[in-house]
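S.K.: File entry-v3.cif below, mmCIF, C-alpha atoms:
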```
data_protein
loop_
_atom_site.label_atom_id
_atom_site.label_comp_id
_atom_site.auth_asym_id
_atom_site.auth_seq_id
_atom_site.Cartn_x
_atom_site.Cartn_y
_atom_site.Cartn_z
CA MET A 20 69.77 136.06 64.19
CA THR A 21 67.44 138.81 63.10
CA TYR A 22 63.66 138.70 63.25
CA ASN A 23 60.89 141.07 62.21
CA LEU A 24 57.62 142.06 63.83
CA ASP A 25 54.94 144.37 62.48
CA VAL A 26 52.71 145.98 65.13
CA THR A 27 51.53 148.88 62.99
CA LYS A 28 47.93 147.63 63.27
CA GLU A 29 48.03 147.29 67.06
CA HIS A 30 46.92 149.74 69.76
CA CYS A 31 49.05 150.35 72.83
CA PRO A 32 49.82 148.52 75.04
CA MET A 33 49.44 145.55 72.67
CA THR A 34 52.31 147.01 70.67
CA PHE A 35 54.76 146.31 73.45
CA VAL A 36 52.98 143.16 74.64
CA LYS A 37 53.48 141.57 71.23
CA THR A 38 57.04 142.87 71.10
CA LYS A 39 57.72 141.28 74.44
CA ILE A 40 56.19 137.96 73.42
CA GLU A 41 58.44 137.84 70.34
CA LEU A 42 61.53 138.85 72.31
CA ASN A 43 60.74 136.05 74.75
CA LYS A 44 61.19 133.52 71.96
CA LEU A 45 64.61 134.82 70.92
CA ARG A 46 68.08 133.93 72.15
CA LYS A 47 70.32 136.45 73.86
CA GLY A 48 72.02 138.56 71.19
CA ASP A 49 69.26 138.09 68.61
CA ILE A 50 67.82 141.21 67.00
CA LEU A 51 64.14 142.04 66.61
CA ASN A 52 63.09 144.74 64.15
CA VAL A 53 59.74 146.11 65.26
CA LYS A 54 57.69 148.19 62.84
CA VAL A 55 55.47 150.77 64.54
CA ILE A 56 53.47 153.82 63.59
CA ALA A 57 54.36 157.28 64.88
CA GLY A 58 52.76 158.51 68.07
CA GLU A 59 52.17 156.38 71.16
CA PRO A 60 53.80 153.18 69.85
CA LEU A 61 56.91 155.05 68.80
CA GLU A 62 57.21 156.44 72.33
CA ASN A 63 56.12 153.39 74.32
CA VAL A 64 57.93 150.52 72.64
CA PRO A 65 61.52 151.79 72.92
CA ARG A 66 60.94 153.11 76.44
CA SER A 67 59.33 149.92 77.74
CA ALA A 68 61.96 147.79 76.04
CA THR A 69 64.74 149.74 77.73
CA GLU A 70 62.98 149.67 81.11
CA GLN A 71 62.69 145.93 80.93
CA GLY A 72 66.34 145.36 80.17
CA PHE A 73 66.42 145.08 76.38
CA ASN A 74 68.90 147.01 74.26
CA VAL A 75 67.32 149.48 71.81
CA LEU A 76 69.94 149.78 69.08
CA SER A 77 68.19 152.24 66.76
CA VAL A 78 64.94 153.96 65.89
CA THR A 79 64.69 155.01 62.23
CA GLU A 80 61.94 156.09 59.91
CA THR A 81 61.29 153.63 57.11
CA ALA A 82 60.73 154.49 53.49
CA THR A 83 57.02 154.89 54.33
CA PRO A 84 56.50 158.22 56.14
CA GLY A 85 55.05 157.76 59.64
CA ILE A 86 56.27 154.17 59.91
CA TYR A 87 59.33 153.53 62.05
CA ASN A 88 61.65 150.63 62.65
CA ILE A 89 62.84 149.95 66.20
CA GLU A 90 65.86 147.70 66.35
CA ILE A 91 65.98 145.81 69.65
CA GLU A 92 68.66 143.45 70.83
CA LYS A 93 67.76 140.83 73.39
CA MET B 15 61.07 150.55 135.08
CA ALA B 16 61.07 148.30 132.08
CA LYS B 17 60.24 149.41 128.53
CA ILE B 18 58.63 146.75 126.40
CA THR B 19 56.68 146.78 123.17
CA VAL B 20 53.23 145.29 122.97
CA ASN B 21 51.83 144.81 119.47
CA GLY B 22 54.45 147.20 118.17
CA LYS B 23 53.70 149.97 120.66
CA GLU B 24 55.85 150.90 123.61
CA GLN B 25 54.60 150.26 127.12
CA GLU B 26 56.32 151.10 130.38
CA LEU B 27 56.16 148.68 133.26
CA GLU B 28 56.60 150.17 136.69
CA ASN B 29 56.80 146.94 138.63
CA LEU B 30 57.82 143.40 137.90
CA THR B 31 55.12 142.16 135.56
CA THR B 32 54.28 138.66 134.40
CA LEU B 33 52.74 137.86 131.03
CA ALA B 34 49.49 137.03 132.81
CA GLN B 35 49.44 140.47 134.41
CA LEU B 36 50.24 142.10 131.09
CA ILE B 37 47.31 140.33 129.49
CA THR B 38 45.00 141.72 132.17
CA SER B 39 46.44 145.22 132.03
CA ASN B 40 45.88 145.23 128.26
CA ASN B 41 42.17 144.63 128.79
CA ILE B 42 42.18 141.11 127.45
CA THR B 43 39.36 139.76 129.55
CA GLN B 44 39.72 136.18 128.38
CA PRO B 45 43.26 134.84 127.94
CA ASP B 46 41.69 132.05 125.85
CA MET B 47 41.04 134.59 123.10
CA VAL B 48 44.70 135.19 122.42
CA SER B 49 47.92 133.47 121.65
CA VAL B 50 51.13 135.10 122.88
CA GLN B 51 54.48 135.53 121.23
CA LEU B 52 57.40 136.78 123.24
CA ASN B 53 60.40 137.87 121.18
CA GLU B 54 59.03 135.96 118.19
CA GLU B 55 58.62 132.75 120.17
CA PHE B 56 55.30 131.14 120.99
CA VAL B 57 54.56 130.95 124.72
CA ASN B 58 52.62 128.07 126.23
CA ARG B 59 49.58 129.15 128.22
CA GLU B 60 50.74 127.47 131.39
CA ASN B 61 53.77 129.76 131.45
CA TYR B 62 51.89 133.04 131.45
CA GLU B 63 51.99 133.27 135.25
CA THR B 64 55.67 132.47 135.53
CA ILE B 65 57.28 134.52 132.80
CA ALA B 66 58.38 137.95 133.99
CA LEU B 67 58.94 140.64 131.42
CA LYS B 68 62.20 142.50 131.09
CA ASP B 69 63.43 145.60 129.36
CA GLY B 70 63.37 145.34 125.58
CA ASP B 71 60.93 142.44 125.41
CA GLU B 72 58.59 142.37 122.43
CA VAL B 73 55.18 140.93 123.10
CA ASP B 74 52.61 140.20 120.43
CA PHE B 75 49.04 139.29 121.24
CA LEU B 76 47.67 137.23 118.37
CA TYR B 77 43.93 137.07 118.16
CA PHE B 78 41.96 134.13 116.92
CA MET B 79 39.93 135.13 113.90
CA GLY B 80 37.62 132.53 112.52
CA GLY B 81 35.04 134.49 110.64
CA GLY B 82 31.77 133.35 109.27
CA GLN B 83 28.82 131.41 110.39
CA SER B 84 29.62 128.63 112.73
CA ALA B 85 31.52 128.27 115.97
CA MET C 28 52.62 127.08 75.90
CA ASN C 29 50.93 128.89 73.05
CA PHE C 30 48.47 131.57 73.97
CA THR C 31 45.67 132.48 71.58
CA GLU C 32 45.26 136.06 70.37
CA ASP C 33 42.41 136.53 72.86
CA GLN C 34 44.48 135.17 75.72
CA ILE C 35 47.33 137.53 74.83
CA ILE C 36 44.89 140.41 75.05
CA ARG C 37 43.19 139.06 78.17
CA TYR C 38 46.45 138.62 80.06
CA SER C 39 48.27 141.57 78.48
CA ARG C 40 48.50 143.45 81.77
CA HIS C 41 50.32 140.48 83.30
CA ILE C 42 52.55 140.01 80.28
CA LEU C 43 53.59 143.66 80.45
CA LEU C 44 54.93 143.23 83.95
CA GLN C 45 58.67 142.64 83.88
CA ASP C 46 58.31 140.32 86.87
CA VAL C 47 55.62 138.21 85.21
CA GLY C 48 55.80 138.29 81.40
CA VAL C 49 54.87 135.37 79.20
CA ASP C 50 56.73 132.90 81.39
CA GLY C 51 54.90 134.03 84.50
CA GLN C 52 51.53 133.86 82.78
CA GLU C 53 52.36 130.32 81.67
CA LYS C 54 53.03 129.35 85.24
CA ILE C 55 49.72 130.86 86.30
CA SER C 56 47.91 129.10 83.48
CA LYS C 57 49.38 125.76 84.55
CA GLY C 58 48.64 126.39 88.25
CA LYS C 59 46.20 124.33 90.30
CA VAL C 60 44.73 125.98 93.38
CA LEU C 61 42.20 124.66 95.89
CA ILE C 62 39.96 127.16 97.66
CA VAL C 63 38.38 125.81 100.82
CA GLY C 64 35.19 127.72 101.39
CA ALA C 65 33.14 129.60 98.80
CA GLY C 66 32.20 132.39 101.19
CA GLY C 67 33.55 135.75 102.27
CA LEU C 68 37.19 135.01 101.61
CA GLY C 69 36.72 132.35 98.96
CA ALA C 70 34.74 134.75 96.77
CA PRO C 71 37.41 137.38 96.09
CA VAL C 72 40.10 134.69 95.95
CA ALA C 73 38.12 132.80 93.32
CA PHE C 74 37.43 135.94 91.31
CA TYR C 75 41.01 137.17 91.22
CA LEU C 76 42.53 133.78 90.52
CA ALA C 77 40.01 133.23 87.73
CA ALA C 78 40.72 136.66 86.31
CA ALA C 79 44.41 135.84 86.38
CA GLY C 80 43.83 132.66 84.42
CA VAL C 81 44.82 130.08 87.02
CA GLY C 82 44.46 126.86 85.05
CA THR C 83 42.56 124.77 87.58
CA ILE C 84 40.58 126.09 90.52
CA GLY C 85 39.07 123.62 92.97
CA ILE C 86 36.34 124.85 95.30
CA ILE C 87 35.03 122.94 98.28
CA ASP C 88 31.98 124.03 100.26
CA GLY C 89 29.01 122.07 101.57
CA ASP C 90 26.69 125.05 102.03
CA VAL C 91 23.95 126.66 100.00
CA VAL C 92 23.73 130.40 99.47
CA ASP C 93 21.88 132.28 102.20
CA LEU C 94 20.52 135.85 101.93
CA SER C 95 22.78 136.93 104.81
CA ASN C 96 25.83 135.86 102.78
CA LEU C 97 25.26 138.44 100.05
CA GLN C 98 26.60 141.30 102.15
CA ARG C 99 30.13 140.00 101.61
CA GLN C 100 30.22 136.81 99.54
CA ILE C 101 30.28 138.70 96.29
CA ILE C 102 30.48 135.68 94.02
CA HIS C 103 26.86 134.89 94.91
CA PHE C 104 23.97 137.01 93.67
CA THR C 105 20.36 137.41 94.80
CA GLN C 106 19.13 134.81 92.31
CA ASP C 107 21.56 132.26 93.80
CA VAL C 108 19.91 132.06 97.21
CA ASP C 109 19.41 128.38 98.13
CA LYS C 110 21.78 127.23 95.37
CA PRO C 111 24.85 125.20 96.39
CA LYS C 112 27.68 127.67 96.80
CA VAL C 113 30.14 125.69 94.72
CA LEU C 114 27.76 125.67 91.76
CA SER C 115 27.07 129.38 92.09
CA ALA C 116 30.80 130.05 92.26
CA LYS C 117 31.57 127.84 89.28
CA GLU C 118 29.03 129.68 87.13
CA LYS C 119 30.54 133.08 87.81
CA ILE C 120 34.11 131.88 87.37
CA SER C 121 33.27 130.33 84.02
CA GLN C 122 31.61 133.52 82.87
CA LEU C 123 34.55 135.62 83.96
CA ASN C 124 37.12 133.34 82.39
CA PRO C 125 36.27 130.23 80.36
CA ASP C 126 39.98 129.29 80.32
CA VAL C 127 39.69 128.12 83.94
CA ASN C 128 38.92 124.50 84.71
CA VAL C 129 36.69 124.57 87.81
CA ILE C 130 36.39 121.47 89.96
CA THR C 131 33.69 121.56 92.62
CA TYR C 132 33.36 119.51 95.79
CA GLN C 133 29.96 119.95 97.33
CA THR C 134 30.97 118.66 100.71
CA LEU C 135 32.89 119.60 103.83
CA LEU C 136 36.60 119.08 104.13
CA SER C 137 37.29 116.37 106.69
CA SER C 138 40.15 114.30 108.03
CA GLU C 139 39.02 111.54 105.70
CA ASN C 140 38.85 113.39 102.40
CA ALA C 141 41.45 116.11 102.94
CA PRO C 142 44.63 114.24 101.97
CA GLU C 143 43.14 112.97 98.72
CA ILE C 144 41.58 116.28 97.74
CA ILE C 145 44.56 118.51 98.43
CA ASN C 146 46.92 116.10 96.72
CA ASP C 147 45.91 117.31 93.26
CA TYR C 148 46.73 120.96 93.92
CA ASP C 149 49.82 123.17 94.03
CA PHE C 150 48.46 125.54 96.67
CA VAL C 151 45.55 125.61 99.11
CA VAL C 152 43.65 128.69 100.28
CA ASP C 153 41.84 128.70 103.61
CA GLY C 154 38.66 130.64 103.08
CA THR C 155 36.81 128.94 105.89
CA ASP C 156 34.77 130.26 108.74
CA ASN C 157 35.52 127.98 111.65
CA PHE C 158 38.52 126.91 113.70
CA PRO C 159 38.22 123.13 113.47
CA VAL C 160 38.62 123.21 109.71
CA LYS C 161 41.32 125.90 109.83
CA PHE C 162 43.39 123.56 111.94
CA LEU C 163 42.52 120.66 109.67
CA ILE C 164 43.72 122.57 106.60
CA ASN C 165 46.90 123.46 108.43
CA ASP C 166 47.62 119.94 109.56
CA ALA C 167 46.72 118.35 106.22
CA CYS C 168 48.92 120.76 104.30
CA VAL C 169 51.86 120.53 106.69
CA ILE C 170 51.75 116.73 106.70
CA ALA C 171 51.43 116.63 102.89
CA GLY C 172 54.05 119.33 102.33
CA LYS C 173 51.56 121.61 100.56
CA PRO C 174 51.87 125.39 100.68
CA PHE C 175 48.78 127.23 101.85
CA SER C 176 47.37 130.58 102.81
CA HIS C 177 45.58 130.96 106.15
CA GLY C 178 43.00 133.72 106.46
CA GLY C 179 40.56 134.96 109.07
CA ILE C 180 38.32 137.99 109.49
CA LEU C 181 36.11 139.41 112.23
CA ARG C 182 34.38 142.74 112.69
CA PHE C 183 36.88 145.18 111.16
CA ASP C 184 39.95 142.98 111.42
CA GLY C 185 41.71 140.56 109.16
CA GLN C 186 44.79 138.39 109.39
CA THR C 187 46.68 136.10 107.08
CA LEU C 188 49.86 134.09 106.81
CA THR C 189 51.37 131.98 104.07
CA HIS C 190 52.96 128.62 104.82
CA VAL C 191 55.42 126.77 102.66
CA PRO C 192 57.21 123.69 104.00
CA GLY C 193 59.81 124.65 106.58
CA THR C 194 58.17 127.93 107.58
CA ALA C 195 55.81 128.76 110.45
CA CYS C 196 52.44 127.10 110.21
CA TYR C 197 49.17 128.19 111.81
CA ARG C 198 49.77 125.90 114.79
CA CYS C 199 53.16 127.49 115.43
CA LEU C 200 51.21 130.59 116.40
CA PHE C 201 47.99 129.06 117.69
CA HIS C 202 48.69 125.65 119.13
CA ALA C 203 45.08 124.51 119.36
CA PRO C 204 41.57 125.76 118.62
CA PRO C 205 40.16 128.12 121.24
CA PRO C 206 37.53 126.73 123.60
CA PRO C 207 34.03 127.06 122.14
CA ASN C 208 32.50 130.48 122.72
CA ALA C 209 35.83 132.02 123.69
CA VAL C 210 35.91 133.76 120.31
CA PRO C 211 32.83 135.19 118.61
CA THR C 212 32.05 134.37 115.00
CA CYS C 213 30.93 136.80 112.34
CA SER C 214 27.36 135.65 112.79
CA GLN C 215 27.63 136.64 116.44
CA ALA C 216 29.82 139.71 116.25
CA GLY C 217 29.34 140.79 112.66
CA VAL C 218 31.85 141.77 109.99
CA LEU C 219 32.14 144.71 107.63
CA GLY C 220 31.63 143.14 104.20
CA ALA C 221 34.53 144.86 102.51
CA ILE C 222 36.94 143.34 105.03
CA ALA C 223 36.42 140.03 103.26
CA GLY C 224 37.54 141.66 100.05
CA MET C 225 40.57 143.26 101.68
CA LEU C 226 41.83 140.02 103.15
CA GLY C 227 40.79 137.67 100.34
CA THR C 228 42.52 139.80 97.74
CA ILE C 229 45.74 139.68 99.74
CA GLN C 230 45.43 135.90 99.77
CA ALA C 231 44.90 135.87 96.00
CA ALA C 232 48.01 138.00 95.52
CA GLU C 233 49.99 135.53 97.63
CA VAL C 234 48.82 132.68 95.42
CA LEU C 235 49.89 134.49 92.26
CA LYS C 236 53.23 135.37 93.81
CA TYR C 237 53.74 131.74 94.74
CA LEU C 238 52.91 130.52 91.25
CA THR C 239 55.14 133.07 89.51
CA GLY C 240 57.92 133.18 92.10
CA VAL C 241 57.69 136.96 92.36
CA GLY C 242 58.43 138.92 95.52
CA GLU C 243 58.47 137.69 99.12
CA LEU C 244 55.66 135.60 100.49
CA LEU C 245 54.06 136.22 103.89
CA THR C 246 56.01 133.30 105.31
CA ASN C 247 57.23 133.46 108.89
CA LYS C 248 54.94 136.46 109.23
CA LEU C 249 51.40 137.18 110.33
CA LEU C 250 49.89 140.14 108.50
CA SER C 251 47.02 141.68 110.37
CA PHE C 252 45.04 144.82 109.83
CA ASN C 253 42.38 146.88 111.51
CA ALA C 254 40.24 148.62 108.92
CA LYS C 255 38.96 151.22 111.36
CA THR C 256 42.38 152.81 111.50
CA MET C 257 43.72 151.17 108.34
CA GLU C 258 46.67 150.10 110.40
CA PHE C 259 48.50 147.13 108.88
CA ARG C 260 50.95 145.19 110.98
CA THR C 261 53.28 142.40 110.04
CA ILE C 262 54.34 140.32 113.01
CA LYS C 263 57.51 138.34 112.50
CA THR C 264 57.38 134.76 113.60
CA LYS C 265 59.12 131.49 112.87
CA ARG C 266 58.60 127.79 112.88
CA SER C 267 58.14 126.81 116.50
CA GLU C 268 60.25 123.94 117.81
CA LYS C 269 57.32 123.14 120.10
CA CYS C 270 54.73 123.12 117.30
CA PRO C 271 52.54 120.01 117.63
CA VAL C 272 52.52 119.33 113.89
CA CYS C 273 55.66 120.84 112.36
CA GLY C 274 57.97 121.10 115.36
CA SER C 275 60.91 118.88 116.26
CA ASN C 276 58.72 116.37 118.11
CA PRO C 277 55.33 116.42 116.45
CA THR C 278 52.48 115.04 118.53
CA ILE C 279 50.03 115.39 115.69
CA THR C 280 50.82 112.95 112.93
CA GLN C 281 47.26 112.18 111.91
CA LEU C 282 44.46 114.49 110.94
CA VAL C 283 41.95 115.48 113.57
CA ASP C 284 38.32 116.44 113.18
CA TYR C 285 37.71 118.76 116.07
CA ALA C 286 34.05 118.64 117.00
CA GLN C 287 32.34 121.81 115.94
CA ALA C 288 30.15 122.24 118.98
CA ALA C 289 32.28 120.80 121.74
CA CYS C 290 35.92 120.66 122.55
CA GLU C 291 36.32 116.91 122.30
CA ILE C 292 39.10 115.68 120.10
CA LYS C 293 38.28 112.74 117.87
CA THR C 294 41.15 111.09 116.09
CA LYS C 295 40.52 109.24 112.88
CA ARG C 296 42.76 107.16 110.69
#
```
Just dump the structure as structure tokens.

M.R.:
Amino acid sequence: MTYNLDVTKEHCPMTFVKTKIELNKLRKGDILNVKVIAGEPLENVPRSATEQGFNVLSVTETATPGIYNIEIEK
Amino acid sequence: MAKITVNGKEQELENLTTLAQLITSNNITQPDMVSVQLNEEFVNRENYETIALKDGDEVDFLYFMGGGQSA
Amino acid sequence: MNFTEDQIIRYSRHILLQDVGVDGQEKISKGKVLIVGAGGLGAPVAFYLAAAGVGTIGIIDGDVVDLSNLQRQIIHFTQDVDKPKVLSAKEKISQLNPDVNVITYQTLLSSENAPEIINDYDFVVDGTDNFPVKFLINDACVIAGKPFSHGGILRFDGQTLTHVPGTACYRCLFHAPPPPNAVPTCSQAGVLGAIAGMLGTIQAAEVLKYLTGVGELLTNKLLSFNAKTMEFRTIKTKRSEKCPVCGSNPTITQLVDYAQAACEIKTKR
């Protein structure tokens, strides 16, 4: 299943903390699309997710400039 | 000449040495202050005089630490 | 367990840790820990466990705050002199973290009350300052099958071990209390205040590791340090077959209140 999370209003490290809390609720194989702003969140979230054993499938800019979608598989 | 370790540090024993003698030679003035482990095994006090150390033995002197206010 | 937004922020640095995460924080938040002694060791233990969000913290101490305590018992402040230590401690814990349920026992741990008190907790921390009660905590926990952390400090030295059932207990290493006056106390020999912090914080870390299951506990080990040289040593040990309380033929099956002043042994049912 696919889920969505918007952390564009969060400051690091809450961006990844919230991502992690959501991922914790999912089943293995589920996808979480995390919306982040450019800058620190865009760097931290994919890196931390990978470090902690999650699979970052893609990082793409959304239709809104400066807002990105990080696709993470549990 | 036997080489033993005492509290992790090497010591050389020239003559046959008992645990009791080792305690004295390590400046432990009161044997009551310490507990002794020999090769990771606790040693009863009454055996200090009779146990002779051999090459490779590991001795640990464990100190009572109570802290605080009262005795 | 659902954390509030504030709790997520408060515990974010735990949640970030791969080894802890939300699950680990839940375990901490459900944990129940008894701290025996609200003094030099009890103070940093209480602070760090409260900061971590341990759900229930029990504190037992019969003393009131004395001016001479303030050099190292950092949970008590100048205005707390003459206040019962457990009340002083509870106030600071609650201010640091209102999530924590603090249960106070303004009394001394004894052979009579120990089994009932420790029964409610997952883990016991020895933050006491005398040998009779250190042995009591050991015996009570071993007999009840409760994990605990032993701690002791003096001058510039500290030592600690963690016991879980089946591993070395304090008596495996020290079969009986030393004769009175064989070992000086801090009030006789002194202690560098920060040593209490060094050792107590190690004990707090052991508690959190126990609750979350992370890492290796200081079981079958005695960690000791000398702060003058900052030399830390871990002595390997094991459960002693000859141990009077946890060995193959235990001679201690009931709790003992060693007399504080003299070396008489009084057994009580």

S.K.: As AutoDock Vina command-line options, please report the centre and edge lengths, rounded to one decimal in Å, of the axis-aligned box that holds all listed atoms of range 31-44 of chain A with 4 Å of padding on each of the six sides.

M.R.:
```
--center_x 55.3 --center_y 141.9 --center_z 72.7 --size_x 20.5 --size_y 24.8 --size_z 12.7
```

S.K.: Report, in Å to a single decimal, how far apart CA of Thr261 in chain C and CA of Leu282 in chain C are.

M.R.: 29.3 Å

S.K.: Which chain A residues have any atom within 8 Å of an atom of chain C, and for each, what is the nearest pair of atoms with distance in Å to one decimal, counting all atoms listed in the file, rows sorted by chain and number, as JSON lines?

M.R.:
```
{"residue": "A:Pro32", "atom": "CA", "partner": "C:Ser39", "partner_atom": "CA", "distance": 7.9}
{"residue": "A:Met33", "atom": "CA", "partner": "C:Ser39", "partner_atom": "CA", "distance": 7.1}
{"residue": "A:Phe35", "atom": "CA", "partner": "C:Leu43", "partner_atom": "CA", "distance": 7.6}
{"residue": "A:Val36", "atom": "CA", "partner": "C:Leu43", "partner_atom": "CA", "distance": 5.9}
{"residue": "A:Lys39", "atom": "CA", "partner": "C:Leu43", "partner_atom": "CA", "distance": 7.7}
{"residue": "A:Ile40", "atom": "CA", "partner": "C:Val49", "partner_atom": "CA", "distance": 6.5}
{"residue": "A:Asn43", "atom": "CA", "partner": "C:Val49", "partner_atom": "CA", "distance": 7.4}
{"residue": "A:Gln71", "atom": "CA", "partner": "C:Gln45", "partner_atom": "CA", "distance": 6.0}
```

S.K.: Could you jot down the CA of Gln215 in chain C to CA of Ser176 in chain C separation for me, Å, one decimal place?

M.R.: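 Taking CA of Gln215 in chain C as the start and CA of Ser176 in chain C as the end point, the length is 24.7 Å.
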
S.K.: Write out as a CSV table (one decimal) with C-alpha atoms, keeping the file's coordinate frame which residues come within 6 Å of Asp69 in chain B when counting all atoms listed in the file, dropping same-chain ones fewer than 3 positions away.

M.R.:
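Written out: part_9.csv:
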```csv
chain,number,residue,atom,x,y,z
B,16,ALA,CA,61.1,148.3,132.1
B,17,LYS,CA,60.2,149.4,128.5
B,18,ILE,CA,58.6,146.8,126.4
```

S.K.: Identify all chain B residues at most 12 Å from chain C by counting only C-alpha atoms; ligands do not count. Present them as a PDB file with C-alpha atoms, in the coordinates of the input.

M.R.:
```
ATOM      1  CA  VAL B  20      53.230 145.290 122.970  1.00  0.00           C
ATOM      2  CA  ASN B  21      51.830 144.810 119.470  1.00  0.00           C
ATOM      3  CA  GLY B  22      54.450 147.200 118.170  1.00  0.00           C
ATOM      4  CA  LYS B  23      53.700 149.970 120.660  1.00  0.00           C
ATOM      5  CA  ILE B  42      42.180 141.110 127.450  1.00  0.00           C
ATOM      6  CA  THR B  43      39.360 139.760 129.550  1.00  0.00           C
ATOM      7  CA  GLN B  44      39.720 136.180 128.380  1.00  0.00           C
ATOM      8  CA  PRO B  45      43.260 134.840 127.940  1.00  0.00           C
ATOM      9  CA  ASP B  46      41.690 132.050 125.850  1.00  0.00           C
ATOM     10  CA  MET B  47      41.040 134.590 123.100  1.00  0.00           C
ATOM     11  CA  VAL B  48      44.700 135.190 122.420  1.00  0.00           C
ATOM     12  CA  SER B  49      47.920 133.470 121.650  1.00  0.00           C
ATOM     13  CA  VAL B  50      51.130 135.100 122.880  1.00  0.00           C
ATOM     14  CA  GLN B  51      54.480 135.530 121.230  1.00  0.00           C
ATOM     15  CA  LEU B  52      57.400 136.780 123.240  1.00  0.00           C
ATOM     16  CA  ASN B  53      60.400 137.870 121.180  1.00  0.00           C
ATOM     17  CA  GLU B  54      59.030 135.960 118.190  1.00  0.00           C
ATOM     18  CA  GLU B  55      58.620 132.750 120.170  1.00  0.00           C
ATOM     19  CA  PHE B  56      55.300 131.140 120.990  1.00  0.00           C
ATOM     20  CA  VAL B  57      54.560 130.950 124.720  1.00  0.00           C
ATOM     21  CA  ASN B  58      52.620 128.070 126.230  1.00  0.00           C
ATOM     22  CA  ARG B  59      49.580 129.150 128.220  1.00  0.00           C
ATOM     23  CA  GLU B  72      58.590 142.370 122.430  1.00  0.00           C
ATOM     24  CA  VAL B  73      55.180 140.930 123.100  1.00  0.00           C
ATOM     25  CA  ASP B  74      52.610 140.200 120.430  1.00  0.00           C
ATOM     26  CA  PHE B  75      49.040 139.290 121.240  1.00  0.00           C
ATOM     27  CA  LEU B  76      47.670 137.230 118.370  1.00  0.00           C
ATOM     28  CA  TYR B  77      43.930 137.070 118.160  1.00  0.00           C
ATOM     29  CA  PHE B  78      41.960 134.130 116.920  1.00  0.00           C
ATOM     30  CA  MET B  79      39.930 135.130 113.900  1.00  0.00           C
ATOM     31  CA  GLY B  80      37.620 132.530 112.520  1.00  0.00           C
ATOM     32  CA  GLY B  81      35.040 134.490 110.640  1.00  0.00           C
ATOM     33  CA  GLY B  82      31.770 133.350 109.270  1.00  0.00           C
ATOM     34  CA  GLN B  83      28.820 131.410 110.390  1.00  0.00           C
ATOM     35  CA  SER B  84      29.620 128.630 112.730  1.00  0.00           C
ATOM     36  CA  ALA B  85      31.520 128.270 115.970  1.00  0.00           C
TER      37      ALA B  85
END
```

S.K.: Hey, can you check how far CA of Asn140 in chain C sits from CA of Ala171 in chain C?

M.R.: 13.0 Å

S.K.: Missing atoms in range 53-64 of chain B should be modelled up to N, CA and C atoms and reported as an mmCIF file, in the coordinates of the input.

M.R.:
```cif
data_model
loop_
_atom_site.group_PDB
_atom_site.id
_atom_site.type_symbol
_atom_site.label_atom_id
_atom_site.label_comp_id
_atom_site.auth_asym_id
_atom_site.auth_seq_id
_atom_site.Cartn_x
_atom_site.Cartn_y
_atom_site.Cartn_z
ATOM 1 N N ASN B 53 59.156 137.842 121.975
ATOM 2 C CA ASN B 53 60.400 137.870 121.180
ATOM 3 C C ASN B 53 60.369 136.831 120.070
ATOM 4 N N GLU B 54 59.257 136.825 119.356
ATOM 5 C CA GLU B 54 59.030 135.960 118.190
ATOM 6 C C GLU B 54 58.930 134.470 118.519
ATOM 7 N N GLU B 55 58.790 134.158 119.805
ATOM 8 C CA GLU B 55 58.620 132.750 120.170
ATOM 9 C C GLU B 55 57.255 132.544 120.799
ATOM 10 N N PHE B 56 56.600 131.454 120.415
ATOM 11 C CA PHE B 56 55.300 131.140 120.990
ATOM 12 C C PHE B 56 55.461 130.789 122.471
ATOM 13 N N VAL B 57 54.512 131.233 123.281
ATOM 14 C CA VAL B 57 54.560 130.950 124.720
ATOM 15 C C VAL B 57 53.391 130.057 125.107
ATOM 16 N N ASN B 58 53.687 128.957 125.756
ATOM 17 C CA ASN B 58 52.620 128.070 126.230
ATOM 18 C C ASN B 58 51.802 128.760 127.308
ATOM 19 N N ARG B 59 50.492 128.523 127.265
ATOM 20 C CA ARG B 59 49.580 129.150 128.220
ATOM 21 C C ARG B 59 49.986 128.959 129.668
ATOM 22 N N GLU B 60 50.439 127.756 129.981
ATOM 23 C CA GLU B 60 50.740 127.470 131.390
ATOM 24 C C GLU B 60 51.901 128.306 131.925
ATOM 25 N N ASN B 61 52.634 128.943 131.001
ATOM 26 C CA ASN B 61 53.770 129.760 131.450
ATOM 27 C C ASN B 61 53.457 131.234 131.643
ATOM 28 N N TYR B 62 52.224 131.610 131.356
ATOM 29 C CA TYR B 62 51.890 133.040 131.450
ATOM 30 C C TYR B 62 52.152 133.604 132.844
ATOM 31 N N GLU B 63 51.846 132.779 133.868
ATOM 32 C CA GLU B 63 51.990 133.270 135.250
ATOM 33 C C GLU B 63 53.445 133.364 135.666
ATOM 34 N N THR B 64 54.298 132.573 135.031
ATOM 35 C CA THR B 64 55.670 132.470 135.530
ATOM 36 C C THR B 64 56.690 133.295 134.758
#
```
